$ cat target28.cif   # mmCIF, C-alpha atoms and all ligand atoms
data_upload
loop_
_atom_site.group_PDB
_atom_site.id
_atom_site.type_symbol
_atom_site.label_atom_id
_atom_site.label_comp_id
_atom_site.auth_asym_id
_atom_site.auth_seq_id
_atom_site.Cartn_x
_atom_site.Cartn_y
_atom_site.Cartn_z
ATOM 1 C CA MET A 105 -15.857 -43.434 -4.130
ATOM 2 C CA ASP A 106 -12.904 -43.585 -6.504
ATOM 3 C CA ALA A 107 -9.332 -44.068 -5.343
ATOM 4 C CA LEU A 108 -7.484 -40.754 -5.364
ATOM 5 C CA LEU A 109 -4.197 -42.374 -4.359
ATOM 6 C CA GLU A 110 -3.285 -45.949 -5.238
ATOM 7 C CA ALA A 111 -0.139 -47.673 -4.021
ATOM 8 C CA ARG A 112 0.536 -51.085 -5.529
ATOM 9 C CA SER A 113 3.156 -53.563 -4.261
ATOM 10 C CA LEU A 114 5.092 -50.579 -2.950
ATOM 11 C CA SER A 115 8.459 -51.412 -1.377
ATOM 12 C CA ILE A 116 11.609 -49.680 -0.288
ATOM 13 C CA HIS A 117 14.625 -51.438 1.147
ATOM 14 C CA PHE A 118 17.452 -49.689 2.964
ATOM 15 C CA GLY A 119 20.219 -52.263 2.669
ATOM 16 C CA GLY A 120 18.738 -55.301 4.384
ATOM 17 C CA LEU A 121 15.922 -53.373 6.044
ATOM 18 C CA LYS A 122 12.518 -53.759 4.386
ATOM 19 C CA ALA A 123 11.161 -50.428 5.614
ATOM 20 C CA VAL A 124 8.070 -50.711 3.369
ATOM 21 C CA GLU A 125 7.314 -54.085 1.867
ATOM 22 C CA ASN A 126 4.789 -54.885 -0.827
ATOM 23 C CA VAL A 127 2.095 -52.491 0.358
ATOM 24 C CA ASP A 128 -1.203 -52.127 -1.523
ATOM 25 C CA LEU A 129 -3.167 -49.169 -0.263
ATOM 26 C CA ASP A 130 -5.908 -46.895 -1.610
ATOM 27 C CA VAL A 131 -7.046 -43.528 -0.358
ATOM 28 C CA ARG A 132 -10.515 -42.795 -1.694
ATOM 29 C CA GLU A 133 -11.681 -39.376 -2.752
ATOM 30 C CA GLY A 134 -13.413 -37.531 0.095
ATOM 31 C CA GLU A 135 -12.377 -39.747 2.967
ATOM 32 C CA ILE A 136 -10.299 -39.283 6.089
ATOM 33 C CA MET A 137 -7.920 -42.212 6.033
ATOM 34 C CA SER A 138 -5.347 -42.968 8.715
ATOM 35 C CA LEU A 139 -2.146 -44.944 8.722
ATOM 36 C CA ILE A 140 -1.184 -46.334 12.111
ATOM 37 C CA GLY A 141 1.404 -48.737 13.472
ATOM 38 C CA PRO A 142 4.166 -48.981 16.066
ATOM 39 C CA ASN A 143 7.289 -46.794 16.010
ATOM 40 C CA GLY A 144 9.522 -47.680 13.099
ATOM 41 C CA ALA A 145 6.715 -49.493 11.226
ATOM 42 C CA GLY A 146 7.419 -47.543 8.027
ATOM 43 C CA LYS A 147 4.623 -44.960 8.142
ATOM 44 C CA THR A 148 6.715 -41.865 7.427
ATOM 45 C CA THR A 149 8.673 -43.810 4.842
ATOM 46 C CA PHE A 150 5.373 -44.659 3.127
ATOM 47 C CA PHE A 151 4.503 -40.936 3.001
ATOM 48 C CA ASN A 152 7.986 -40.206 1.632
ATOM 49 C CA LEU A 153 7.404 -42.759 -1.121
ATOM 50 C CA VAL A 154 4.022 -41.493 -2.256
ATOM 51 C CA SER A 155 5.030 -37.814 -2.113
ATOM 52 C CA GLY A 156 8.300 -38.310 -4.010
ATOM 53 C CA PHE A 157 10.813 -37.748 -1.205
ATOM 54 C CA LEU A 158 12.042 -41.328 -1.625
ATOM 55 C CA LYS A 159 12.107 -43.500 -4.748
ATOM 56 C CA PRO A 160 10.646 -46.983 -4.286
ATOM 57 C CA THR A 161 12.713 -50.129 -4.728
ATOM 58 C CA SER A 162 9.670 -51.546 -6.526
ATOM 59 C CA GLY A 163 5.959 -50.930 -6.966
ATOM 60 C CA THR A 164 3.867 -48.057 -8.265
ATOM 61 C CA VAL A 165 1.971 -45.023 -7.051
ATOM 62 C CA LYS A 166 -0.939 -43.429 -8.884
ATOM 63 C CA PHE A 167 -2.580 -40.126 -8.045
ATOM 64 C CA MET A 168 -5.879 -39.242 -9.751
ATOM 65 C CA GLY A 169 -5.253 -42.126 -12.117
ATOM 66 C CA LYS A 170 -1.834 -40.791 -13.194
ATOM 67 C CA ASP A 171 1.357 -42.754 -12.554
ATOM 68 C CA ILE A 172 3.482 -40.589 -10.248
ATOM 69 C CA THR A 173 6.031 -43.244 -9.260
ATOM 70 C CA GLY A 174 9.452 -41.643 -8.813
ATOM 71 C CA MET A 175 8.219 -38.067 -9.409
ATOM 72 C CA GLU A 176 9.962 -35.259 -7.563
ATOM 73 C CA PRO A 177 8.185 -33.743 -4.519
ATOM 74 C CA HIS A 178 7.563 -30.392 -6.244
ATOM 75 C CA GLU A 179 5.864 -32.249 -9.109
ATOM 76 C CA THR A 180 3.554 -34.264 -6.854
ATOM 77 C CA ALA A 181 2.793 -31.053 -4.927
ATOM 78 C CA ARG A 182 1.890 -29.282 -8.165
ATOM 79 C CA LEU A 183 -0.563 -32.077 -8.917
ATOM 80 C CA GLY A 184 -2.209 -31.464 -5.544
ATOM 81 C CA LEU A 185 -0.575 -34.065 -3.295
ATOM 82 C CA VAL A 186 0.759 -32.028 -0.385
ATOM 83 C CA ARG A 187 2.216 -33.110 2.939
ATOM 84 C CA THR A 188 3.290 -31.890 6.330
ATOM 85 C CA PHE A 189 6.302 -33.273 8.184
ATOM 86 C CA GLN A 190 6.601 -35.121 11.463
ATOM 87 C CA LYS A 191 9.100 -32.461 12.599
ATOM 88 C CA THR A 192 8.124 -28.844 12.146
ATOM 89 C CA ASN A 193 10.399 -26.943 9.789
ATOM 90 C CA ILE A 194 8.898 -23.552 9.173
ATOM 91 C CA PHE A 195 10.280 -20.014 8.946
ATOM 92 C CA ALA A 196 10.961 -18.780 12.460
ATOM 93 C CA ASP A 197 11.708 -15.086 11.992
ATOM 94 C CA VAL A 198 8.525 -13.946 10.264
ATOM 95 C CA THR A 199 5.030 -13.401 11.610
ATOM 96 C CA VAL A 200 2.373 -16.071 11.270
ATOM 97 C CA ALA A 201 0.473 -13.865 8.795
ATOM 98 C CA ASP A 202 3.564 -13.200 6.669
ATOM 99 C CA SER A 203 4.564 -16.849 6.546
ATOM 100 C CA ILE A 204 1.115 -17.739 5.175
ATOM 101 C CA ARG A 205 1.264 -14.877 2.667
ATOM 102 C CA ILE A 206 4.679 -16.171 1.563
ATOM 103 C CA GLY A 207 3.111 -19.623 1.265
ATOM 104 C CA PHE A 208 0.452 -18.210 -1.057
ATOM 105 C CA GLY A 209 3.031 -16.143 -2.894
ATOM 106 C CA GLN A 210 4.697 -19.311 -4.105
ATOM 107 C CA HIS A 211 1.510 -20.275 -5.879
ATOM 108 C CA ARG A 212 0.444 -17.007 -7.449
ATOM 109 C CA HIS A 213 0.045 -16.518 -11.133
ATOM 110 C CA ALA A 214 1.129 -12.963 -12.013
ATOM 111 C CA GLY A 215 4.148 -13.126 -14.274
ATOM 112 C CA LEU A 216 7.557 -11.645 -13.530
ATOM 113 C CA ILE A 217 6.821 -8.494 -15.494
ATOM 114 C CA GLY A 218 3.716 -7.913 -13.421
ATOM 115 C CA ILE A 219 5.631 -8.421 -10.190
ATOM 116 C CA LEU A 220 8.423 -6.047 -11.214
ATOM 117 C CA GLY A 221 6.012 -3.454 -12.493
ATOM 118 C CA ASN A 222 3.693 -3.488 -9.448
ATOM 119 C CA SER A 223 0.836 -3.463 -11.908
ATOM 120 C CA ALA A 224 -2.856 -3.311 -11.102
ATOM 121 C CA SER A 225 -3.082 -7.069 -11.446
ATOM 122 C CA VAL A 226 -0.338 -7.503 -8.819
ATOM 123 C CA ARG A 227 -2.087 -5.157 -6.424
ATOM 124 C CA ARG A 228 -5.274 -7.136 -6.949
ATOM 125 C CA GLU A 229 -3.394 -10.352 -6.271
ATOM 126 C CA ASN A 230 -1.826 -8.914 -3.118
ATOM 127 C CA ALA A 231 -5.270 -8.002 -1.820
ATOM 128 C CA ASP A 232 -6.470 -11.465 -2.731
ATOM 129 C CA VAL A 233 -3.543 -13.127 -0.948
ATOM 130 C CA HIS A 234 -4.173 -10.986 2.118
ATOM 131 C CA GLU A 235 -7.823 -12.034 2.211
ATOM 132 C CA LYS A 236 -7.060 -15.718 1.694
ATOM 133 C CA ALA A 237 -4.382 -15.649 4.396
ATOM 134 C CA GLU A 238 -6.897 -14.145 6.823
ATOM 135 C CA GLU A 239 -9.382 -16.902 5.974
ATOM 136 C CA ILE A 240 -6.838 -19.666 6.464
ATOM 137 C CA MET A 241 -5.681 -18.247 9.798
ATOM 138 C CA LYS A 242 -9.273 -18.222 11.029
ATOM 139 C CA PHE A 243 -9.839 -21.710 9.689
ATOM 140 C CA CYS A 244 -6.744 -23.066 11.488
ATOM 141 C CA ALA A 245 -7.335 -21.273 14.818
ATOM 142 C CA LEU A 246 -4.269 -19.090 14.252
ATOM 143 C CA TYR A 247 -5.913 -15.696 13.937
ATOM 144 C CA ASP A 248 -5.107 -14.608 17.509
ATOM 145 C CA TRP A 249 -1.440 -15.315 16.762
ATOM 146 C CA LYS A 250 -1.222 -13.670 13.356
ATOM 147 C CA ASP A 251 1.129 -10.826 14.376
ATOM 148 C CA TYR A 252 3.467 -13.009 16.459
ATOM 149 C CA LEU A 253 6.776 -14.242 15.141
ATOM 150 C CA VAL A 254 6.503 -17.935 14.342
ATOM 151 C CA LYS A 255 9.339 -18.736 16.751
ATOM 152 C CA ASN A 256 7.380 -17.144 19.624
ATOM 153 C CA ILE A 257 4.084 -19.002 19.245
ATOM 154 C CA PRO A 258 3.377 -22.218 21.205
ATOM 155 C CA TYR A 259 4.634 -25.441 19.670
ATOM 156 C CA GLY A 260 1.068 -26.653 19.087
ATOM 157 C CA LYS A 261 0.340 -23.514 17.069
ATOM 158 C CA GLN A 262 3.504 -24.053 15.015
ATOM 159 C CA ARG A 263 2.141 -27.507 14.160
ATOM 160 C CA MET A 264 -1.152 -25.890 13.152
ATOM 161 C CA LEU A 265 0.769 -23.401 11.010
ATOM 162 C CA SER A 266 2.346 -26.240 9.055
ATOM 163 C CA VAL A 267 -1.196 -27.465 8.270
ATOM 164 C CA ALA A 268 -2.168 -23.908 7.255
ATOM 165 C CA LEU A 269 0.860 -23.651 4.947
ATOM 166 C CA ALA A 270 -0.078 -26.924 3.291
ATOM 167 C CA LEU A 271 -3.653 -25.650 2.826
ATOM 168 C CA ALA A 272 -2.324 -22.455 1.230
ATOM 169 C CA THR A 273 -1.248 -24.571 -1.759
ATOM 170 C CA SER A 274 -4.878 -25.724 -2.380
ATOM 171 C CA PRO A 275 -4.171 -29.467 -2.219
ATOM 172 C CA LYS A 276 -6.499 -32.204 -3.406
ATOM 173 C CA LEU A 277 -4.960 -34.679 -0.990
ATOM 174 C CA LEU A 278 -3.410 -33.581 2.291
ATOM 175 C CA LEU A 279 -0.931 -35.898 4.005
ATOM 176 C CA LEU A 280 -0.461 -35.120 7.705
ATOM 177 C CA ASP A 281 2.380 -36.841 9.554
ATOM 178 C CA GLU A 282 1.488 -36.997 13.258
ATOM 179 C CA PRO A 283 -0.135 -33.559 13.446
ATOM 180 C CA ALA A 284 -1.215 -34.021 17.093
ATOM 181 C CA THR A 285 2.284 -34.629 18.451
ATOM 182 C CA GLY A 286 3.025 -32.135 21.219
ATOM 183 C CA LEU A 287 -0.498 -30.680 21.225
ATOM 184 C CA ASN A 288 -2.305 -30.109 24.525
ATOM 185 C CA PRO A 289 -5.886 -31.447 24.899
ATOM 186 C CA THR A 290 -7.486 -28.136 23.823
ATOM 187 C CA GLU A 291 -5.274 -27.931 20.748
ATOM 188 C CA THR A 292 -5.955 -31.596 19.950
ATOM 189 C CA LYS A 293 -9.683 -30.894 19.999
ATOM 190 C CA GLU A 294 -9.149 -27.874 17.747
ATOM 191 C CA LEU A 295 -7.126 -30.031 15.385
ATOM 192 C CA ILE A 296 -9.899 -32.641 15.187
ATOM 193 C CA ASP A 297 -12.412 -29.920 14.252
ATOM 194 C CA ILE A 298 -9.993 -28.487 11.688
ATOM 195 C CA ILE A 299 -9.409 -31.880 10.053
ATOM 196 C CA PHE A 300 -13.156 -32.471 9.836
ATOM 197 C CA ASN A 301 -13.597 -29.026 8.293
ATOM 198 C CA ILE A 302 -10.777 -29.612 5.807
ATOM 199 C CA ARG A 303 -12.681 -32.594 4.518
ATOM 200 C CA ASN A 304 -16.260 -31.343 4.977
ATOM 201 C CA LYS A 305 -15.949 -27.676 4.007
ATOM 202 C CA LEU A 306 -12.848 -27.553 1.794
ATOM 203 C CA LYS A 307 -13.596 -31.003 0.292
ATOM 204 C CA ILE A 308 -9.949 -32.002 0.600
ATOM 205 C CA THR A 309 -9.185 -35.689 1.124
ATOM 206 C CA VAL A 310 -7.074 -36.319 4.241
ATOM 207 C CA PHE A 311 -4.499 -39.068 4.776
ATOM 208 C CA LEU A 312 -3.089 -39.016 8.266
ATOM 209 C CA ILE A 313 -0.396 -40.738 10.309
ATOM 210 C CA GLU A 314 -1.205 -40.541 13.983
ATOM 211 C CA HIS A 315 -0.275 -42.202 17.268
ATOM 212 C CA ASN A 316 -3.137 -40.745 19.282
ATOM 213 C CA MET A 317 -5.618 -43.617 18.896
ATOM 214 C CA ASN A 318 -8.566 -41.740 20.364
ATOM 215 C CA LEU A 319 -8.081 -39.068 17.736
ATOM 216 C CA VAL A 320 -7.638 -41.604 14.950
ATOM 217 C CA VAL A 321 -10.681 -43.669 15.864
ATOM 218 C CA SER A 322 -12.885 -40.610 16.274
ATOM 219 C CA ILE A 323 -12.096 -38.983 12.935
ATOM 220 C CA SER A 324 -11.122 -41.673 10.441
ATOM 221 C CA ASP A 325 -13.434 -43.279 7.920
ATOM 222 C CA ARG A 326 -10.854 -46.042 7.474
ATOM 223 C CA LEU A 327 -7.548 -47.154 8.948
ATOM 224 C CA ALA A 328 -4.622 -49.089 7.578
ATOM 225 C CA VAL A 329 -2.096 -50.672 9.918
ATOM 226 C CA LEU A 330 1.595 -51.055 9.127
ATOM 227 C CA CYS A 331 3.907 -53.329 11.079
ATOM 228 C CA TYR A 332 7.538 -54.014 10.152
ATOM 229 C CA GLY A 333 6.882 -52.372 6.781
ATOM 230 C CA GLU A 334 3.964 -54.620 5.843
ATOM 231 C CA LYS A 335 0.272 -53.817 5.815
ATOM 232 C CA LEU A 336 -1.282 -55.866 8.586
ATOM 233 C CA THR A 337 -4.897 -54.966 7.876
ATOM 234 C CA GLU A 338 -7.249 -52.151 6.926
ATOM 235 C CA GLY A 339 -10.888 -51.332 7.570
ATOM 236 C CA ILE A 340 -13.241 -49.243 9.664
ATOM 237 C CA PRO A 341 -11.768 -48.008 12.973
ATOM 238 C CA SER A 342 -14.009 -49.938 15.365
ATOM 239 C CA GLU A 343 -13.036 -53.244 13.736
ATOM 240 C CA VAL A 344 -9.349 -52.529 13.215
ATOM 241 C CA ALA A 345 -8.908 -51.368 16.819
ATOM 242 C CA LYS A 346 -10.150 -54.684 18.195
ATOM 243 C CA ASP A 347 -8.289 -56.865 15.670
ATOM 244 C CA PRO A 348 -6.071 -59.231 17.738
ATOM 245 C CA ARG A 349 -3.183 -58.812 15.249
ATOM 246 C CA VAL A 350 -3.273 -55.052 15.699
ATOM 247 C CA ILE A 351 -3.406 -55.286 19.480
ATOM 248 C CA GLU A 352 -0.494 -57.712 19.426
ATOM 249 C CA ALA A 353 1.530 -55.459 17.123
ATOM 250 C CA TYR A 354 1.231 -52.681 19.678
ATOM 251 C CA LEU A 355 1.572 -54.875 22.768
ATOM 252 C CA GLY A 356 4.648 -56.509 21.307
ATOM 253 C CA ARG A 357 6.271 -53.079 21.448
ATOM 254 C CA GLY A 358 5.045 -52.416 24.999
ATOM 255 C CA PHE A 359 2.469 -49.881 23.814
ATOM 256 C CA GLN A 360 -1.313 -50.204 23.901
ATOM 257 C CA PRO A 361 -3.621 -48.653 21.329
ATOM 258 C CA ASN A 362 -5.587 -47.182 24.254
ATOM 259 C CA VAL A 363 -9.008 -46.891 22.672
ATOM 260 C CA SER A 364 -11.708 -45.629 24.988
HETATM 261 N N1 LIG M 1 16.535 -42.848 4.770
HETATM 262 C C1 LIG M 1 16.599 -43.965 5.531
HETATM 263 N N2 LIG M 1 17.700 -44.749 5.505
HETATM 264 C C2 LIG M 1 17.775 -45.867 6.249
HETATM 265 N N3 LIG M 1 16.787 -46.305 7.066
HETATM 266 C C3 LIG M 1 15.673 -45.551 7.139
HETATM 267 C C4 LIG M 1 15.533 -44.339 6.388
HETATM 268 N N4 LIG M 1 14.302 -43.820 6.651
HETATM 269 C C5 LIG M 1 13.720 -44.643 7.540
HETATM 270 N N5 LIG M 1 14.537 -45.679 7.834
HETATM 271 C C6 LIG M 1 14.208 -46.806 8.736
HETATM 272 O O1 LIG M 1 13.004 -47.367 8.237
HETATM 273 C C7 LIG M 1 12.170 -47.809 9.311
HETATM 274 C C8 LIG M 1 10.829 -47.118 9.235
HETATM 275 O O2 LIG M 1 11.000 -45.746 9.625
HETATM 276 P P1 LIG M 1 9.797 -44.718 9.616
HETATM 277 O O3 LIG M 1 10.360 -43.391 10.007
HETATM 278 O O4 LIG M 1 9.087 -44.790 8.314
HETATM 279 O O5 LIG M 1 8.860 -45.291 10.756
HETATM 280 P P2 LIG M 1 7.510 -44.664 11.361
HETATM 281 O O6 LIG M 1 6.469 -45.725 11.267
HETATM 282 O O7 LIG M 1 7.218 -43.360 10.745
HETATM 283 O O8 LIG M 1 7.924 -44.497 12.897
HETATM 284 P P3 LIG M 1 7.501 -43.358 13.971
HETATM 285 O O9 LIG M 1 6.150 -43.751 14.486
HETATM 286 O O10 LIG M 1 8.526 -43.474 15.024
HETATM 287 O O11 LIG M 1 7.503 -42.039 13.283
HETATM 288 C C9 LIG M 1 12.955 -47.504 10.596
HETATM 289 O O12 LIG M 1 13.640 -48.664 10.973
HETATM 290 C C10 LIG M 1 13.905 -46.403 10.156
HETATM 291 O O13 LIG M 1 15.070 -46.402 10.960
HETATM 292 MG MG MG M 2 7.094 -41.442 11.440
#

$ encode --input "target28.cif" --output "structure tokens"
Amino acid sequence: MDALLEARSLSIHFGGLKAVENVDLDVREGEIMSLIGPNGAGKTTFFNLVSGFLKPTSGTVKFMGKDITGMEPHETARLGLVRTFQKTNIFADVTVADSIRIGFGQHRHAGLIGILGNSASVRRENADVHEKAEEIMKFCALYDWKDYLVKNIPYGKQRMLSVALALATSPKLLLLDEPATGLNPTETKELIDIIFNIRNKLKITVFLIEHNMNLVVSISDRLAVLCYGEKLTEGIPSEVAKDPRVIEAYLGRGFQPNVS
């Protein structure tokens, strides 16, 4: 498998704090890759660097072989590198269905004249958007909530909606920042199935930050571990989870990986 995303010697320093330091990391096409590490290890900062929300102090990022170092977030998104955020920030006063249709609307192709004129091509596109939104809601276990206002659906479903909105942009690489946070066990199981389906059915590569080690170990092809901004190790989950350095990194912060 080829590397879809390649970070080389990637660093960002905030004053004296080396939040990400000299990290080499590849995400290969077609895999589910996870980034783990204790609180404050630099995981979200790493996502911010590769998706363009922060500019690195040094190092490079390539996506599909193209140098994207320092690109703006909307440019990386247009290339197909799309992320969700650790904190949910989605429209609250629209229905689930409308928010997904709006998400699609931002990526439609009819020109301004077509939109103003309500032409046949726009009507076709509207029907198309409607159909795709229905599909995505089914795919993300949101269909039963489609007519609810986003602010009135359970928190776990709001998290799922942020995944659905990212999918509406047809990404090649989907970056998920702690998607299981705040999910109950049923929703966590749904999320695991959805992530598998994103990779297996939609053929989208998934790069995930997650604290829930059972989830991470059960779905990831590979893991990388960050600690104090540096990459401690990477490899297949069963080996990484029993690596003494990884266990110590978690124990040192009073938190156990908790792999069953
Ligand atoms: N914009 C910023 N300015 C200054 N310091 C920052 C900034 N962003 C992050 N940091 C610091 O960088 C370090 C890494 O933060 P980051 O949010 O990447 O950690 P994380 O691994 O995602 O942690 P968590 O598991 O809690 O989400 C922390 O010490 C954080 O306070
Ligand atoms: Mg984080």

$ resolve_selection --input "target28.cif" --expression "the PyMOL selection byres (((chain A and resi 252) around 12) and not hetatm)" --output "list in words"
Ala196, Asp197, Val198, Thr199, Val200, Ala201, Asp202, Ser203, Leu246, Tyr247, Asp248, Trp249, Lys250, Asp251, Leu253, Val254, Lys255, Asn256, Ile257, Pro258, Lys261 and Gln262 of chain A

$ residues_near_ligand --input "target28.cif" --ligand "ligand MG 2 (chain M)" --cutoff "10 Å" --atoms "all atoms listed in the file" --output "mmCIF file with C-alpha atoms, in the frame of the given file"
data_model
loop_
_atom_site.group_PDB
_atom_site.id
_atom_site.type_symbol
_atom_site.label_atom_id
_atom_site.label_comp_id
_atom_site.auth_asym_id
_atom_site.auth_seq_id
_atom_site.Cartn_x
_atom_site.Cartn_y
_atom_site.Cartn_z
ATOM 1 C CA ILE A 140 -1.184 -46.334 12.111
ATOM 2 C CA GLY A 141 1.404 -48.737 13.472
ATOM 3 C CA PRO A 142 4.166 -48.981 16.066
ATOM 4 C CA ASN A 143 7.289 -46.794 16.010
ATOM 5 C CA GLY A 144 9.522 -47.680 13.099
ATOM 6 C CA ALA A 145 6.715 -49.493 11.226
ATOM 7 C CA GLY A 146 7.419 -47.543 8.027
ATOM 8 C CA LYS A 147 4.623 -44.960 8.142
ATOM 9 C CA THR A 148 6.715 -41.865 7.427
ATOM 10 C CA THR A 149 8.673 -43.810 4.842
ATOM 11 C CA PHE A 150 5.373 -44.659 3.127
ATOM 12 C CA PHE A 151 4.503 -40.936 3.001
ATOM 13 C CA ASN A 152 7.986 -40.206 1.632
ATOM 14 C CA PHE A 189 6.302 -33.273 8.184
ATOM 15 C CA GLN A 190 6.601 -35.121 11.463
ATOM 16 C CA LYS A 191 9.100 -32.461 12.599
ATOM 17 C CA ASP A 281 2.380 -36.841 9.554
ATOM 18 C CA GLU A 282 1.488 -36.997 13.258
ATOM 19 C CA ILE A 313 -0.396 -40.738 10.309
ATOM 20 C CA GLU A 314 -1.205 -40.541 13.983
ATOM 21 C CA HIS A 315 -0.275 -42.202 17.268
#

$ residues_around --input "target28.cif" --residues "Arg112 of chain A" --least-positions-apart "3" --cutoff "7 Å" --atoms "all atoms listed in the file" --output "number ranges by chain"
A: 127-129, 163-165

$ resolve_selection --input "target28.cif" --expression "the PyMOL selection byres (((chain A and resi 230-243) around 12) and not hetatm)" --output "count of residues only"
56

$ residues_around --input "target28.cif" --residues "Leu108 of chain A" --least-positions-apart "3" --cutoff "7 Å" --atoms "all atoms listed in the file" --output "ChimeraX atom specification"
/A:131-133,167-168

$ resolve_selection --input "target28.cif" --expression "the PyMOL selection byres (((chain A and resi 320-336) around 6) and not hetatm)" --output "JSON list (two decimals) with C-alpha atoms, keeping the file's coordinate frame"
[["chain", "number", "residue", "atom", "x", "y", "z"],
["A", 123, "ALA", "CA", 11.16, -50.43, 5.61],
["A", 124, "VAL", "CA", 8.07, -50.71, 3.37],
["A", 125, "GLU", "CA", 7.31, -54.08, 1.87],
["A", 127, "VAL", "CA", 2.10, -52.49, 0.36],
["A", 136, "ILE", "CA", -10.30, -39.28, 6.09],
["A", 137, "MET", "CA", -7.92, -42.21, 6.03],
["A", 138, "SER", "CA", -5.35, -42.97, 8.72],
["A", 139, "LEU", "CA", -2.15, -44.94, 8.72],
["A", 140, "ILE", "CA", -1.18, -46.33, 12.11],
["A", 141, "GLY", "CA", 1.40, -48.74, 13.47],
["A", 145, "ALA", "CA", 6.72, -49.49, 11.23],
["A", 146, "GLY", "CA", 7.42, -47.54, 8.03],
["A", 317, "MET", "CA", -5.62, -43.62, 18.90],
["A", 318, "ASN", "CA", -8.57, -41.74, 20.36],
["A", 319, "LEU", "CA", -8.08, -39.07, 17.74],
["A", 337, "THR", "CA", -4.90, -54.97, 7.88],
["A", 338, "GLU", "CA", -7.25, -52.15, 6.93],
["A", 339, "GLY", "CA", -10.89, -51.33, 7.57],
["A", 340, "ILE", "CA", -13.24, -49.24, 9.66],
["A", 341, "PRO", "CA", -11.77, -48.01, 12.97]]

$ atom_distance --input "target28.cif" --atom1 "atom CA of Glu291 of chain A" --atom2 "atom CA of Thr188 of chain A"
17.2 Å

$ axis_aligned_box --input "target28.cif" --around "ligand LIG 1 (chain M)" --padding-each-side "3 Å" --output "AutoDock Vina command-line options"
--center_x 12.0 --center_y -45.4 --center_z 9.9 --size_x 17.6 --size_y 12.6 --size_z 16.3

$ closest_residue --input "target28.cif" --among "A:Ile116, A:Ala284, A:Met175, A:Ile351" --to "ligand LIG 1 (chain M)" --atoms "all atoms listed in the file"
A:Ile116

$ closest_residue --input "target28.cif" --among "A:Gly119, A:Gly260, A:Pro177, A:Pro348" --to "ligand LIG 1 (chain M)" --atoms "all atoms listed in the file"
A:Gly119

$ atom_distance --input "target28.cif" --atom1 "atom C6 of ligand LIG 1 (chain M)" --atom2 "atom CA of Leu287 of chain A"
25.1 Å

$ atom_distance --input "target28.cif" --atom1 "atom CA of Pro160 of chain A" --atom2 "atom CA of Tyr354 of chain A"
26.4 Å

$ closest_residue --input "target28.cif" --among "A:Phe157, A:Phe311, A:Tyr259, A:Phe118" --to "ligand LIG 1 (chain M)" --atoms "all atoms listed in the file"
A:Phe118

$ closest_residue --input "target28.cif" --among "A:Arg182, A:Arg187, A:Lys346, A:Arg263" --to "Thr309 of chain A" --atoms "all atoms listed in the file"
A:Arg187

$ decode --input "target28.cif" --residues "segment 124-141 of chain A" --atoms "C-alpha atoms" --output "mmCIF file, in the first residue's frame"
data_model
loop_
_atom_site.group_PDB
_atom_site.id
_atom_site.type_symbol
_atom_site.label_atom_id
_atom_site.label_comp_id
_atom_site.auth_asym_id
_atom_site.auth_seq_id
_atom_site.Cartn_x
_atom_site.Cartn_y
_atom_site.Cartn_z
ATOM 1 C CA VAL A 124 4.854 18.163 18.118
ATOM 2 C CA GLU A 125 8.509 17.344 17.695
ATOM 3 C CA ASN A 126 10.177 15.780 14.687
ATOM 4 C CA VAL A 127 7.395 13.341 13.848
ATOM 5 C CA ASP A 128 7.643 11.006 10.843
ATOM 6 C CA LEU A 129 4.344 9.320 10.157
ATOM 7 C CA ASP A 130 2.651 7.674 7.170
ATOM 8 C CA VAL A 131 -0.985 6.829 6.653
ATOM 9 C CA ARG A 132 -1.296 4.220 3.923
ATOM 10 C CA GLU A 133 -4.087 4.142 1.399
ATOM 11 C CA GLY A 134 -6.964 1.924 2.542
ATOM 12 C CA GLU A 135 -5.990 1.493 6.161
ATOM 13 C CA ILE A 136 -7.535 2.436 9.478
ATOM 14 C CA MET A 137 -4.711 4.102 11.347
ATOM 15 C CA SER A 138 -4.939 5.425 14.894
ATOM 16 C CA LEU A 139 -2.981 8.005 16.808
ATOM 17 C CA ILE A 140 -2.971 7.483 20.558
ATOM 18 C CA GLY A 141 -1.171 8.959 23.543
#
